[in-house]
Amino acid sequence: MGYNTAQMQQQSSYLNWDFSTIWGISPGINNGYPHLINHHELTALETPVPAISLNAADNSALITWNAVPSAASYRLYCSDDPAAEFPSGWTQLSVLSSQQALSYTDSIRNTGRFYRIIASTQ
């Protein structure tokens, strides 16, 4: 029996695959399917931040998130379309060091804006 799309995007579906040195799996890379890890990825691991909170008021949005262990920086992106190809369909808003803050305030020009935060070891 085969797997559905959601199952194919879960590491647990791949028994005996080496996800520490050969394979990687991340929603922001290869549409969430497993991919081969190359040297660049070993030196700068990136992962989507799992917990984001958004509070909108007075034409601004305060975005906060939980720290990701080993993150040296966070890249913030926005898009009017949550299904837009990442990163080409998203606008980078800022890069913050993990020492700066775990929040960002964005001016809201319209409703329906979506945010994505990527933690990086660089």
# chains A, B, ... in the order shown; residues from 1 in each chain; ligands from 1

call {"tool": "residues_around", "arguments": {"residues": "Tyr3 in chain A", "least_positions_apart": "3", "cutoff": "12 Å", "atoms": "only C-alpha atoms", "output": "ChimeraX atom specification"}}
result
/A:6-10,12-14

call {"tool": "write_last_selection", "arguments": {"atoms": "N, CA and C atoms", "output": "PDB file, in the first residue's frame"}}
result
ATOM      1  N   ALA A   6       0.622  13.678   2.652  1.00  0.00           N
ATOM      2  CA  ALA A   6       1.011  14.052   4.016  1.00  0.00           C
ATOM      3  C   ALA A   6       1.976  13.022   4.616  1.00  0.00           C
ATOM      4  N   GLN A   7       1.730  11.753   4.368  1.00  0.00           N
ATOM      5  CA  GLN A   7       2.620  10.712   4.896  1.00  0.00           C
ATOM      6  C   GLN A   7       3.998  10.770   4.232  1.00  0.00           C
ATOM      7  N   MET A   8       4.024  11.101   2.939  1.00  0.00           N
ATOM      8  CA  MET A   8       5.310  11.194   2.218  1.00  0.00           C
ATOM      9  C   MET A   8       6.151  12.367   2.717  1.00  0.00           C
ATOM     10  N   GLN A   9       5.533  13.306   3.431  1.00  0.00           N
ATOM     11  CA  GLN A   9       6.248  14.465   3.949  1.00  0.00           C
ATOM     12  C   GLN A   9       6.578  14.316   5.429  1.00  0.00           C
ATOM     13  N   GLN A  10       6.488  13.108   5.959  1.00  0.00           N
ATOM     14  CA  GLN A  10       6.822  12.829   7.355  1.00  0.00           C
ATOM     15  C   GLN A  10       8.029  11.901   7.433  1.00  0.00           C
ATOM     16  N   SER A  12       8.900   9.908   9.665  1.00  0.00           N
ATOM     17  CA  SER A  12       8.576   8.585  10.210  1.00  0.00           C
ATOM     18  C   SER A  12       8.134   7.585   9.139  1.00  0.00           C
ATOM     19  N   SER A  13       7.784   8.069   7.941  1.00  0.00           N
ATOM     20  CA  SER A  13       7.371   7.169   6.858  1.00  0.00           C
ATOM     21  C   SER A  13       8.559   6.483   6.185  1.00  0.00           C
ATOM     22  N   TYR A  14       9.769   6.928   6.488  1.00  0.00           N
ATOM     23  CA  TYR A  14      10.955   6.419   5.803  1.00  0.00           C
ATOM     24  C   TYR A  14      11.806   5.614   6.777  1.00  0.00           C
TER      25      TYR A  14
END

call {"tool": "residues_around", "arguments": {"residues": "Leu54 in chain A", "least_positions_apart": "5", "cutoff": "8 Å", "atoms": "only C-alpha atoms", "output": "PDB file with N, CA and C atoms, in the first residue's frame"}}
result
ATOM      1  N   ALA A  61       1.143  44.765  12.641  1.00  0.00           N
ATOM      2  CA  ALA A  61       1.057  43.382  13.110  1.00  0.00           C
ATOM      3  C   ALA A  61       2.303  43.087  13.942  1.00  0.00           C
ATOM      4  N   LEU A  62       2.100  42.622  15.143  1.00  0.00           N
ATOM      5  CA  LEU A  62       3.207  42.199  15.993  1.00  0.00           C
ATOM      6  C   LEU A  62       3.310  40.686  15.874  1.00  0.00           C
ATOM      7  N   ILE A  63       4.429  40.226  15.351  1.00  0.00           N
ATOM      8  CA  ILE A  63       4.672  38.799  15.143  1.00  0.00           C
ATOM      9  C   ILE A  63       5.682  38.357  16.191  1.00  0.00           C
ATOM     10  N   THR A  64       5.346  37.340  16.940  1.00  0.00           N
ATOM     11  CA  THR A  64       6.269  36.807  17.944  1.00  0.00           C
ATOM     12  C   THR A  64       6.407  35.304  17.730  1.00  0.00           C
TER      13      THR A  64
END

call {"tool": "closest_residue", "arguments": {"among": "A:Trp65, A:Glu46, A:Cys78, A:Ile37", "to": "Gly24 in chain A", "atoms": "only C-alpha atoms"}}
result
A:Ile37

call {"tool": "residues_around", "arguments": {"residues": "Ser94 in chain A", "least_positions_apart": "5", "cutoff": "8 Å", "atoms": "only C-alpha atoms", "output": "PyMOL selection string"}}
result
chain A and resi 75-77

call {"tool": "select_by_dssp", "arguments": {"residues": "range 1-110 of chain A", "states": "alpha helix (DSSP H)", "output": "VMD selection string"}}
result
chain A and resid 5 to 8 39 to 43

call {"tool": "write_last_selection", "arguments": {"atoms": "N, CA and C atoms", "output": "compact mmCIF listing (two decimals), in the first residue's frame"}}
result
# COMPACT_ATOMS: atom_id res chain seq x y z
N THR A 5 0.11 12.08 0.31
CA THR A 5 1.06 13.19 0.30
C THR A 5 1.54 13.55 1.70
N ALA A 6 0.62 13.68 2.65
CA ALA A 6 1.01 14.05 4.02
C ALA A 6 1.98 13.02 4.62
N GLN A 7 1.73 11.75 4.37
CA GLN A 7 2.62 10.71 4.90
C GLN A 7 4.00 10.77 4.23
N MET A 8 4.02 11.10 2.94
CA MET A 8 5.31 11.19 2.22
C MET A 8 6.15 12.37 2.72
N HIS A 39 26.74 19.75 1.47
CA HIS A 39 27.66 20.41 2.40
C HIS A 39 27.08 21.73 2.92
N HIS A 40 26.46 22.51 2.04
CA HIS A 40 25.89 23.80 2.46
C HIS A 40 24.87 23.60 3.58
N GLU A 41 24.02 22.61 3.44
CA GLU A 41 23.00 22.38 4.45
C GLU A 41 23.60 21.91 5.77
N LEU A 42 24.72 21.22 5.71
CA LEU A 42 25.35 20.78 6.94
C LEU A 42 25.95 21.95 7.70
N THR A 43 26.37 23.01 6.99
CA THR A 43 26.97 24.15 7.65
C THR A 43 25.95 25.21 8.03

call {"tool": "residues_around", "arguments": {"residues": "range 84-92 of chain A", "least_positions_apart": "4", "cutoff": "10 Å", "atoms": "only C-alpha atoms", "output": "number ranges by chain"}}
result
A: 27-31, 75-80, 114-117

call {"tool": "atom_distance", "arguments": {"atom1": "CA of Tyr33 in chain A", "atom2": "CA of Ala119 in chain A"}}
result
18.9 Å

call {"tool": "closest_residue", "arguments": {"among": "A:Leu15, A:Ser107, A:Gln99, A:Ala83", "to": "Ala67 in chain A", "atoms": "only C-alpha atoms"}}
result
A:Gln99

call {"tool": "decode", "arguments": {"residues": "range 90-111 of chain A", "atoms": "C-alpha atoms", "output": "PDB file, in the first residue's frame"}}
result
ATOM      1  CA  TRP A  90       7.449  35.466  -0.650  1.00  0.00           C
ATOM      2  CA  THR A  91       8.990  38.857   0.251  1.00  0.00           C
ATOM      3  CA  GLN A  92      11.790  38.876   2.800  1.00  0.00           C
ATOM      4  CA  LEU A  93      10.985  41.484   5.448  1.00  0.00           C
ATOM      5  CA  SER A  94      13.985  41.236   7.732  1.00  0.00           C
ATOM      6  CA  VAL A  95      16.837  39.160   9.101  1.00  0.00           C
ATOM      7  CA  LEU A  96      17.217  39.288  12.864  1.00  0.00           C
ATOM      8  CA  SER A  97      19.967  37.772  14.957  1.00  0.00           C
ATOM      9  CA  SER A  98      18.756  35.507  17.726  1.00  0.00           C
ATOM     10  CA  GLN A  99      20.323  38.025  20.122  1.00  0.00           C
ATOM     11  CA  GLN A 100      18.059  40.857  18.894  1.00  0.00           C
ATOM     12  CA  ALA A 101      14.527  39.698  19.584  1.00  0.00           C
ATOM     13  CA  LEU A 102      11.881  37.080  19.028  1.00  0.00           C
ATOM     14  CA  SER A 103       9.411  39.567  17.595  1.00  0.00           C
ATOM     15  CA  TYR A 104       8.890  41.850  14.620  1.00  0.00           C
ATOM     16  CA  THR A 105       6.363  44.609  13.902  1.00  0.00           C
ATOM     17  CA  ASP A 106       5.098  44.903  10.328  1.00  0.00           C
ATOM     18  CA  SER A 107       2.969  47.679   8.839  1.00  0.00           C
ATOM     19  CA  ILE A 108      -0.269  46.242   7.520  1.00  0.00           C
ATOM     20  CA  ARG A 109      -1.218  47.699   4.158  1.00  0.00           C
ATOM     21  CA  ASN A 110      -4.022  45.222   3.526  1.00  0.00           C
ATOM     22  CA  THR A 111      -5.669  42.235   5.116  1.00  0.00           C
TER      23      THR A 111
END
